[in-house]
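Here is the file data23.cif (mmCIF, C-alpha atoms).
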data_my_file
loop_
_atom_site.label_atom_id
_atom_site.label_comp_id
_atom_site.auth_asym_id
_atom_site.auth_seq_id
_atom_site.Cartn_x
_atom_site.Cartn_y
_atom_site.Cartn_z
CA MET B 1 -2.00 -13.83 16.19
CA SER B 2 -2.58 -10.61 18.09
CA LYS B 3 -2.68 -7.30 16.27
CA PRO B 4 0.54 -5.26 16.42
CA PHE B 5 0.52 -2.70 19.20
CA ARG B 6 3.00 -0.25 20.64
CA THR B 7 1.19 0.17 23.94
CA PHE B 8 -0.61 -2.06 26.37
CA PHE B 9 -3.03 -0.07 28.51
CA ASN B 10 -6.47 -1.49 27.79
CA VAL B 11 -8.15 -4.77 26.93
CA GLU B 12 -8.45 -3.90 23.24
CA ASP B 13 -4.65 -3.51 23.06
CA LEU B 14 -4.29 -7.25 23.66
CA GLY B 15 -6.06 -8.34 20.50
CA ASP B 16 -8.59 -11.17 20.51
CA LEU B 17 -9.41 -11.88 24.16
CA HIS B 18 -10.52 -15.48 23.64
CA SER B 19 -7.24 -16.41 21.92
CA ALA B 20 -5.26 -14.51 24.56
CA LEU B 21 -6.88 -16.56 27.33
CA ALA B 22 -6.07 -19.78 25.47
CA GLU B 23 -2.52 -18.55 24.98
CA ALA B 24 -2.24 -17.77 28.69
CA GLN B 25 -3.14 -21.36 29.54
CA ALA B 26 -0.58 -22.67 27.07
CA ILE B 27 2.06 -20.46 28.66
CA LYS B 28 1.04 -21.70 32.09
CA ARG B 29 1.67 -25.27 30.97
CA ASP B 30 5.15 -24.38 29.66
CA ARG B 31 6.47 -20.99 30.77
CA TYR B 32 9.80 -21.41 28.99
CA ALA B 33 8.62 -22.41 25.53
CA PHE B 34 9.18 -18.98 23.98
CA GLN B 35 12.64 -18.02 25.24
CA HIS B 36 13.83 -17.54 21.67
CA LEU B 37 11.58 -14.47 21.42
CA GLY B 38 13.39 -12.61 24.19
CA LYS B 39 16.96 -13.58 23.36
CA ASN B 40 19.15 -10.44 23.30
CA LYS B 41 16.09 -8.29 24.05
CA THR B 42 15.87 -6.02 27.11
CA LEU B 43 12.90 -5.00 29.21
CA LEU B 44 13.27 -1.78 31.21
CA MET B 45 10.89 -1.70 34.19
CA ILE B 46 10.38 1.81 35.61
CA PHE B 47 8.74 2.32 38.99
CA PHE B 48 7.49 5.68 40.20
CA ASN B 49 5.71 3.85 43.04
CA ASN B 50 6.20 0.91 45.36
CA SER B 51 5.46 -2.59 44.10
CA LEU B 52 5.65 -6.22 45.16
CA ARG B 53 3.55 -8.46 42.87
CA THR B 54 3.93 -6.27 39.79
CA ARG B 55 7.70 -6.05 40.13
CA LEU B 56 8.25 -9.74 40.85
CA SER B 57 5.74 -11.15 38.38
CA THR B 58 6.73 -8.94 35.44
CA GLN B 59 10.43 -9.55 35.96
CA LYS B 60 9.80 -13.30 36.24
CA ALA B 61 7.67 -13.25 33.09
CA ALA B 62 10.39 -11.45 31.15
CA THR B 63 13.09 -13.89 32.27
CA ASN B 64 10.79 -16.79 31.33
CA LEU B 65 10.86 -15.34 27.82
CA GLY B 66 14.66 -15.14 27.80
CA MET B 67 14.82 -11.36 28.18
CA ASN B 68 17.38 -9.24 29.97
CA VAL B 69 15.71 -7.05 32.61
CA ILE B 70 16.69 -3.64 33.99
CA VAL B 71 14.72 -2.34 36.98
CA LEU B 72 14.76 1.38 37.76
CA ASP B 73 13.17 2.77 40.92
CA VAL B 74 12.83 6.46 40.14
CA ASN B 75 12.56 7.39 43.83
CA ALA B 76 15.67 5.47 44.92
CA GLY B 77 18.81 5.61 42.84
CA ALA B 78 17.87 8.02 40.05
CA TRP B 79 17.80 11.77 39.64
CA LYS B 80 14.53 13.30 40.74
CA LEU B 81 12.48 13.77 37.61
CA GLU B 82 10.37 16.74 36.58
CA THR B 83 7.19 15.63 34.82
CA GLU B 84 5.55 18.90 33.77
CA ARG B 85 6.44 21.10 30.84
CA GLY B 86 7.16 24.82 31.00
CA VAL B 87 8.53 24.86 34.54
CA ILE B 88 11.69 26.57 35.80
CA MET B 89 13.66 23.71 37.27
CA ASP B 90 15.15 25.55 40.24
CA GLY B 91 13.94 23.07 42.87
CA ASP B 92 15.02 19.56 43.85
CA LYS B 93 14.34 17.96 40.43
CA SER B 94 17.51 17.69 38.37
CA GLU B 95 16.29 16.03 35.18
CA HIS B 96 13.21 16.31 33.00
CA LEU B 97 11.32 13.31 31.70
CA LEU B 98 11.63 14.74 28.19
CA GLU B 99 15.37 14.04 28.25
CA ALA B 100 15.27 10.99 30.52
CA ILE B 101 12.71 9.07 28.46
CA PRO B 102 14.58 8.91 25.12
CA VAL B 103 17.76 8.01 27.04
CA MET B 104 15.90 5.15 28.72
CA GLY B 105 14.54 4.05 25.36
CA SER B 106 18.04 3.80 23.93
CA TYR B 107 18.93 1.10 26.49
CA CYS B 108 16.03 -1.29 25.91
CA ASP B 109 13.53 -2.85 23.52
CA ILE B 110 10.39 -2.60 25.66
CA ILE B 111 9.54 -0.20 28.50
CA ALA B 112 7.16 -1.11 31.31
CA VAL B 113 6.00 1.76 33.54
CA ARG B 114 4.24 1.98 36.90
CA SER B 115 2.96 5.38 37.98
CA PHE B 116 0.00 6.05 40.29
CA ALA B 117 -2.59 8.79 40.20
CA GLY B 118 -1.83 11.91 42.20
CA LEU B 119 -5.55 12.18 43.11
CA THR B 120 -5.44 15.98 43.17
CA ASP B 121 -5.92 16.89 39.50
CA ARG B 122 -8.42 14.67 37.70
CA GLU B 123 -7.66 16.11 34.27
CA PHE B 124 -3.92 15.46 34.72
CA ASP B 125 -4.47 11.89 35.95
CA TYR B 126 -7.10 10.84 33.41
CA ALA B 127 -5.03 12.27 30.56
CA GLU B 128 -2.32 9.75 31.60
CA THR B 129 0.15 12.63 31.46
CA ILE B 130 3.18 10.78 32.83
CA VAL B 131 2.87 7.43 31.06
CA GLY B 132 1.74 9.18 27.90
CA GLN B 133 5.12 10.87 27.67
CA PHE B 134 6.81 7.46 27.54
CA VAL B 135 4.57 6.51 24.63
CA ARG B 136 5.39 9.72 22.76
CA TYR B 137 9.12 10.06 23.41
CA SER B 138 10.66 6.65 24.14
CA GLY B 139 10.48 5.15 20.66
CA ARG B 140 9.66 1.82 22.31
CA PRO B 141 6.54 -0.26 23.01
CA VAL B 142 5.16 0.73 26.40
CA VAL B 143 3.46 -1.72 28.78
CA ALA B 144 1.41 -0.30 31.65
CA MET B 145 2.30 -1.92 34.98
CA GLU B 146 -0.39 0.36 36.47
CA THR B 147 -1.07 3.94 35.57
CA ALA B 148 -3.18 6.78 36.93
CA THR B 149 -6.34 5.15 35.56
CA VAL B 150 -5.70 1.49 34.63
CA HIS B 151 -4.00 -1.70 35.83
CA PRO B 152 -4.39 -4.07 32.87
CA LEU B 153 -1.92 -6.78 33.94
CA GLN B 154 -3.92 -7.20 37.15
CA ALA B 155 -7.27 -7.29 35.33
CA PHE B 156 -5.97 -9.85 32.84
CA ALA B 157 -4.74 -12.04 35.71
CA ASP B 158 -8.15 -11.64 37.39
CA LEU B 159 -9.89 -12.82 34.24
CA ILE B 160 -7.56 -15.80 33.89
CA THR B 161 -8.38 -16.73 37.49
CA ILE B 162 -12.12 -16.44 36.92
CA GLU B 163 -11.88 -18.59 33.79
CA GLU B 164 -10.07 -21.25 35.81
CA HIS B 165 -12.60 -21.33 38.66
CA LYS B 166 -15.98 -20.41 37.17
CA PRO B 167 -18.72 -22.90 38.12
CA VAL B 168 -21.02 -21.87 35.24
CA ALA B 169 -20.42 -20.77 31.67
CA ARG B 170 -21.44 -17.16 32.34
CA PRO B 171 -20.76 -16.39 36.01
CA LYS B 172 -22.07 -13.45 37.98
CA VAL B 173 -19.14 -11.25 38.96
CA VAL B 174 -19.55 -8.45 41.50
CA LEU B 175 -17.09 -5.59 41.92
CA THR B 176 -17.79 -4.15 45.35
CA TRP B 177 -16.36 -1.03 46.98
CA ALA B 178 -15.04 -1.56 50.50
CA PRO B 179 -13.84 0.94 53.12
CA HIS B 180 -10.23 2.01 53.55
CA CYS B 181 -8.21 4.35 55.74
CA ARG B 182 -6.49 6.06 52.78
CA ALA B 183 -7.60 7.58 49.50
CA LEU B 184 -6.78 5.04 46.77
CA PRO B 185 -6.75 5.37 42.95
CA GLN B 186 -9.41 3.93 40.66
CA ALA B 187 -6.98 2.06 38.40
CA VAL B 188 -7.78 -1.46 39.64
CA PRO B 189 -11.59 -1.13 39.61
CA ASN B 190 -11.44 0.74 36.28
CA SER B 191 -9.53 -2.05 34.58
CA PHE B 192 -11.46 -4.82 36.30
CA ALA B 193 -14.75 -3.37 35.05
CA GLN B 194 -13.34 -2.82 31.57
CA TRP B 195 -12.00 -6.36 31.23
CA MET B 196 -15.12 -7.99 32.68
CA ASN B 197 -17.22 -6.04 30.17
CA ALA B 198 -15.10 -7.54 27.40
CA ALA B 199 -15.48 -11.06 28.82
CA ASP B 200 -18.50 -13.33 28.95
CA VAL B 201 -19.63 -12.57 32.51
CA ASP B 202 -22.59 -10.89 34.20
CA LEU B 203 -20.91 -7.86 35.82
CA VAL B 204 -22.45 -5.88 38.67
CA VAL B 205 -20.68 -2.91 40.27
CA THR B 206 -21.79 -1.88 43.75
CA HIS B 207 -20.69 1.09 45.84
CA PRO B 208 -22.08 3.97 47.92
CA GLU B 209 -23.42 6.97 46.06
CA GLY B 210 -20.69 9.34 44.92
CA TYR B 211 -18.25 6.58 44.00
CA GLU B 212 -19.42 6.16 40.40
CA LEU B 213 -16.59 5.02 38.13
CA ASP B 214 -15.94 6.72 34.82
CA PRO B 215 -18.48 5.53 32.20
CA GLN B 216 -15.69 4.59 29.77
CA PHE B 217 -14.77 1.77 32.18
CA VAL B 218 -18.17 0.85 33.64
CA GLY B 219 -19.53 0.24 30.17
CA ASN B 220 -22.65 -1.94 30.21
CA ALA B 221 -22.21 -3.18 33.78
CA ARG B 222 -25.19 -2.93 36.10
CA VAL B 223 -24.60 -0.45 38.92
CA GLU B 224 -26.32 -1.34 42.19
CA TYR B 225 -26.16 0.83 45.34
CA ASP B 226 -27.61 -1.91 47.56
CA GLN B 227 -24.63 -4.15 48.32
CA ARG B 228 -26.71 -7.08 49.56
CA LYS B 229 -28.85 -7.06 46.45
CA ALA B 230 -25.72 -6.91 44.29
CA LEU B 231 -24.08 -9.86 46.04
CA GLU B 232 -27.09 -12.17 45.86
CA GLY B 233 -26.26 -15.15 43.64
CA ALA B 234 -22.71 -13.95 42.88
CA HIS B 235 -20.12 -16.51 41.84
CA PHE B 236 -17.18 -14.10 42.33
CA VAL B 237 -16.86 -11.16 44.71
CA TYR B 238 -14.08 -8.72 43.89
CA ALA B 239 -13.63 -6.32 46.79
CA LYS B 240 -11.65 -3.12 46.27
CA ASN B 241 -11.57 0.36 47.72
CA TRP B 242 -11.32 3.42 45.53
CA SER B 243 -11.55 7.14 46.25
CA CYS B 244 -14.14 9.36 44.61
CA PRO B 245 -13.61 9.31 40.82
CA GLY B 246 -15.15 12.78 40.52
CA VAL B 247 -17.51 11.81 37.72
CA THR B 248 -20.57 13.65 39.03
CA ARG B 249 -18.70 16.11 41.27
CA PRO B 250 -15.18 16.86 39.96
CA GLU B 251 -14.41 18.83 43.10
CA ASP B 252 -14.63 15.59 45.12
CA TYR B 253 -12.02 13.79 43.01
CA GLY B 254 -9.68 11.73 45.15
CA LYS B 255 -11.65 12.27 48.36
CA ILE B 256 -12.89 9.69 50.86
CA LEU B 257 -16.67 10.13 50.94
CA SER B 258 -17.51 7.14 53.13
CA ARG B 259 -15.93 4.97 55.81
CA ASP B 260 -19.00 2.75 56.18
CA MET B 261 -17.72 -0.51 57.70
CA SER B 262 -20.92 -2.31 56.77
CA TRP B 263 -19.39 -2.67 53.29
CA THR B 264 -16.48 -4.81 54.62
CA ILE B 265 -16.72 -8.31 53.15
CA ASP B 266 -17.22 -10.86 55.92
CA SER B 267 -18.79 -14.30 56.16
CA GLU B 268 -22.30 -12.82 56.30
CA HIS B 269 -21.70 -10.96 53.02
CA MET B 270 -20.37 -14.13 51.39
CA SER B 271 -23.44 -16.06 52.60
CA TRP B 272 -25.54 -13.93 50.25
CA THR B 273 -23.62 -15.28 47.26
CA ASP B 274 -23.94 -18.55 45.36
CA ASN B 275 -21.02 -20.20 47.17
CA GLY B 276 -18.97 -17.35 45.76
CA PHE B 277 -15.21 -16.96 45.52
CA PHE B 278 -13.49 -13.96 47.12
CA MET B 279 -11.02 -11.94 45.06
CA HIS B 280 -8.70 -9.01 45.72
CA CYS B 281 -5.62 -7.67 43.93
CA LEU B 282 -3.47 -7.40 47.12
CA PRO B 283 -2.11 -5.87 49.23
CA VAL B 284 -5.26 -5.92 51.34
CA ARG B 285 -6.08 -4.31 54.67
CA ARG B 286 -7.67 -7.02 56.79
CA GLY B 287 -10.56 -5.84 58.89
CA LEU B 288 -11.28 -3.00 56.46
CA ILE B 289 -11.65 -4.64 53.06
CA VAL B 290 -12.21 -8.22 54.22
CA SER B 291 -12.43 -10.27 57.39
CA ASP B 292 -9.79 -12.87 58.29
CA ASP B 293 -12.16 -15.79 57.92
CA VAL B 294 -13.10 -14.84 54.36
CA ILE B 295 -9.61 -14.21 53.03
CA GLU B 296 -8.33 -17.39 54.70
CA SER B 297 -11.21 -19.57 53.49
CA ASP B 298 -10.94 -22.23 50.81
CA HIS B 299 -12.98 -19.91 48.57
CA SER B 300 -10.38 -17.16 48.66
CA LEU B 301 -8.57 -16.77 45.33
CA VAL B 302 -6.13 -14.02 46.30
CA ILE B 303 -3.06 -16.27 46.01
CA PRO B 304 -4.02 -17.88 42.66
CA GLU B 305 -4.75 -14.36 41.37
CA ALA B 306 -1.31 -13.17 42.40
CA ALA B 307 0.32 -16.23 40.83
CA ASN B 308 -1.51 -15.51 37.57
CA ARG B 309 0.15 -12.09 37.42
CA GLU B 310 3.20 -13.91 36.03
CA ILE B 311 1.03 -15.50 33.35
CA SER B 312 -0.75 -12.30 32.32
CA ALA B 313 2.56 -10.44 32.08
CA GLU B 314 4.21 -13.20 30.07
CA THR B 315 1.30 -13.36 27.62
CA VAL B 316 1.45 -9.61 27.06
CA LEU B 317 5.25 -9.48 26.72
CA LYS B 318 5.18 -12.44 24.33
CA ARG B 319 2.77 -10.61 22.06
CA VAL B 320 4.84 -7.43 22.19
CA LEU B 321 8.02 -9.36 21.34
CA GLU B 322 6.29 -11.02 18.39
CA ASP B 323 5.52 -7.58 16.99
CA LEU B 324 9.04 -6.12 17.30
#
Can the structure in the file be given as structure tokens, please?
Amino acid sequence: MSKPFRTFFNVEDLGDLHSALAEAQAIKRDRYAFQHLGKNKTLLMIFFNNSLRTRLSTQKAATNLGMNVIVLDVNAGAWKLETERGVIMDGDKSEHLLEAIPVMGSYCDIIAVRSFAGLTDREFDYAETIVGQFVRYSGRPVVAMETATVHPLQAFADLITIEEHKPVARPKVVLTWAPHCRALPQAVPNSFAQWMNAADVDLVVTHPEGYELDPQFVGNARVEYDQRKALEGAHFVYAKNWSCPGVTRPEDYGKILSRDMSWTIDSEHMSWTDNGFFMHCLPVRRGLIVSDDVIESDHSLVIPEAANREISAETVLKRVLEDL
């Protein structure tokens, strides 16, 4: 049985990882076996940002468990919310999170929140200022559907997928930066690195200089600036763009430091691997992150990954419900 927890942000919040993976496979075999847990319970899903897989998979997981689900898109159909304390609310924001959050909590049993990094204030983002307020003031367990710094439901689904496809007991897994036209958060690579460190894999992180992830997430992973060297012998290649995390130069936080297209994963890059599988969290920009032939190959796992988002969410929600 997992340890009781009121939040789910990081891998340690899940409890024993080995038992959680076994539980995920059991759920995959029978997704409706635990509907009694969610009977007359309500999940409130709050979105500060757009979503496709997270919205669909988490809602499906909750209904699998017999839960009622309320979905709130803060930017469409709700009052504009102020998130900072000590402000004079004389602008376009009509309600403060400090009042909205306990009201939301009164209508549900579990709250799931999705809120991206602003990428302008590193201290604000890495303090998890917005989602942290839900933890403090809602009076409900809070599940992160992606925050300023982490995306644990995605990382758990990634790990489930790797466990299902690994050709060796301890596979080599490479997290590689890839170019993008927009500045993106570090939540996905942060969580991926964190969860792979907790699993039995050989993790290598590769990126141009200046893109070093926060040490709390990189952990014991080997960092390699030579992408080809990193990819040699890899069993899984996880491509993802992220903007500068500002670890060595805080003033560069959220900036695009490189647009080097030689980092795009194509068939040549995959030829350096050990018949490796390609992974990405989606949505993906073809031609920037990955070439068409790689993402459409029989070694592309992007669809199984996305399907496993339902399983990761259901495993997490099941454990939360068991602790209510």
**Asked** For B:Val284, which residue among B:Leu257, B:Leu119, B:Ala234, B:Ala239 is the nearest when counting only C-alpha atoms?
**Response**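 Comparing B:Leu257, B:Leu119, B:Ala234, B:Ala239 against B:Val284, the winner is B:Ala239.
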Once the PyMOL selection byres ((chain B and resi 129) around 12) has been applied to the shown file, what residues remain in the selection, as a short mmCIF file (atom, residue, chain, number, x, y, z; two decimals) with C-alpha atoms, in the frame of the given file?
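Contents of result_9.cif, freshly written:
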data_model
loop_
_atom_site.label_atom_id
_atom_site.label_comp_id
_atom_site.auth_asym_id
_atom_site.auth_seq_id
_atom_site.Cartn_x
_atom_site.Cartn_y
_atom_site.Cartn_z
CA THR B 83 7.19 15.63 34.82
CA GLU B 84 5.55 18.90 33.77
CA ARG B 85 6.44 21.10 30.84
CA LEU B 97 11.32 13.31 31.70
CA SER B 115 2.96 5.38 37.98
CA PHE B 116 0.00 6.05 40.29
CA ALA B 117 -2.59 8.79 40.20
CA GLY B 118 -1.83 11.91 42.20
CA ASP B 121 -5.92 16.89 39.50
CA ARG B 122 -8.42 14.67 37.70
CA GLU B 123 -7.66 16.11 34.27
CA PHE B 124 -3.92 15.46 34.72
CA ASP B 125 -4.47 11.89 35.95
CA TYR B 126 -7.10 10.84 33.41
CA ALA B 127 -5.03 12.27 30.56
CA GLU B 128 -2.32 9.75 31.60
CA ILE B 130 3.18 10.78 32.83
CA VAL B 131 2.87 7.43 31.06
CA GLY B 132 1.74 9.18 27.90
CA GLN B 133 5.12 10.87 27.67
CA PHE B 134 6.81 7.46 27.54
CA VAL B 135 4.57 6.51 24.63
CA ARG B 136 5.39 9.72 22.76
CA THR B 147 -1.07 3.94 35.57
CA ALA B 148 -3.18 6.78 36.93
CA THR B 149 -6.34 5.15 35.56
#
**Request:** For stretch 153-160 of chain B, list every protein, DNA or RNA residue within 6 Å, evaluated using only C-alpha atoms, and leave out those in the same chain fewer than 3 positions away; present the list as a list in words.
**Result:**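 In the requested form, the answer reads Glu163, Ser191, Phe192, Glu305, Asn308, Arg309 and Ser312 of chain B.
Atom CA of B:Val204 lies 28.1 Å from atom CA of B:Thr120.
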**Surrounding residues of B:Val237 excluding itself and chain neighbours under 6 positions, 10 Å, only C-alpha atoms, as JSON, numbers by chain** = {"B": [172, 173, 174, 175, 176, 204, 230, 231, 265, 269, 270, 273, 276, 277, 278, 279, 280, 300]}
**Message:** Using Å and a single decimal, report how far atom CA of B:Leu17 sits from atom CA of B:Asn190.
**Reply:**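 The value is 17.6 Å.
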Run the PyMOL selection byres ((chain B and resi 169) around 12) against the file shown and list the residues it catches, as a PDB file with C-alpha atoms, in the coordinates of the input.
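Below is the file that was written, selection_19.pdb:
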ATOM      1  CA  ILE B 162     -12.120 -16.440  36.920  1.00  0.00           C
ATOM      2  CA  GLU B 163     -11.880 -18.590  33.790  1.00  0.00           C
ATOM      3  CA  GLU B 164     -10.070 -21.250  35.810  1.00  0.00           C
ATOM      4  CA  HIS B 165     -12.600 -21.330  38.660  1.00  0.00           C
ATOM      5  CA  LYS B 166     -15.980 -20.410  37.170  1.00  0.00           C
ATOM      6  CA  PRO B 167     -18.720 -22.900  38.120  1.00  0.00           C
ATOM      7  CA  VAL B 168     -21.020 -21.870  35.240  1.00  0.00           C
ATOM      8  CA  ARG B 170     -21.440 -17.160  32.340  1.00  0.00           C
ATOM      9  CA  PRO B 171     -20.760 -16.390  36.010  1.00  0.00           C
ATOM     10  CA  LYS B 172     -22.070 -13.450  37.980  1.00  0.00           C
ATOM     11  CA  ALA B 199     -15.480 -11.060  28.820  1.00  0.00           C
ATOM     12  CA  ASP B 200     -18.500 -13.330  28.950  1.00  0.00           C
ATOM     13  CA  VAL B 201     -19.630 -12.570  32.510  1.00  0.00           C
ATOM     14  CA  ASP B 202     -22.590 -10.890  34.200  1.00  0.00           C
ATOM     15  CA  HIS B 235     -20.120 -16.510  41.840  1.00  0.00           C
TER      16      HIS B 235
END
**Prompt:** List as a PyMOL selection string: which residues have an atom within 10 Å of (8.3, -11.5, 35.0), counting all atoms listed in the file?
**Reply:** chain B and resi 43+53-65+67+69+309-314+317
**Asked** Just how far from atom CA of B:Glu146 is atom CA of B:Tyr238, in Å to one decimal?
**Response**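 A separation of 18.0 Å between them.
For the choices B:Val142, B:Ala306, B:Cys108, B:Leu81, the atom-to-atom distance to B:Asp13 is smallest for B:Val142 when using all atoms listed in the file.
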**Prompt:** Looking at B:Ser106, B:Asn68, B:Gln35, B:Gln227, which one is nearest to B:Glu322, with distances taken over only C-alpha atoms?
**Reply:**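 Of B:Ser106, B:Asn68, B:Gln35, B:Gln227, the one nearest B:Glu322, counting only C-alpha atoms, is B:Gln35.
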**Asked** Using all atoms listed in the file, which of the listed residues (B:Arg29, B:Arg182, B:His96, B:Arg222) sits closest to B:Leu203?
**Response** B:Arg222
Using 3 Å of padding on each side, determine the axis-aligned box around all atoms of stretch 200-203 of chain B present in the file and give its centre and edge lengths in Å to one decimal, as AutoDock Vina command-line options.
--center_x -20.5 --center_y -10.6 --center_z 32.4 --size_x 10.1 --size_y 11.5 --size_z 12.9
**Request:** Please evaluate the PyMOL selection byres ((chain B and resi 209) around 10) against the structure above and give the resulting residues as a ChimeraX atom specification.
**Result:** /B:206-208,210-212,224-226,244,257-258
**Request:** Find the residues near B:Asp109: any atom within 9 Å, counting only C-alpha atoms, skip ones fewer than 3 places away on the same chain, and give them as a ChimeraX atom specification.
**Result:** /B:41-44,105-106,140-141,321,324
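Near B:Glu95, within 10 Å and counting all atoms listed in the file, sit B:Ala78, B:Trp79, B:Lys80, B:Leu81, B:Glu82, B:Thr83, B:Met89, B:Glu99, B:Ala100, not including residues fewer than 4 positions from it in the same chain.
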**Message:** Residues near B:Arg285, anyone? I mean within 12 Å using only C-alpha atoms, not counting same-chain ones fewer than 6 positions away, as number ranges by chain.
**Reply:** B: 178-182, 239-241, 264-265, 291-292, 295
**Request:** Could you check which of B:Ile88, B:Leu282, B:Ile110, B:Met104 is closest to B:Pro304, using all atoms listed in the file?
**Result:** B:Leu282
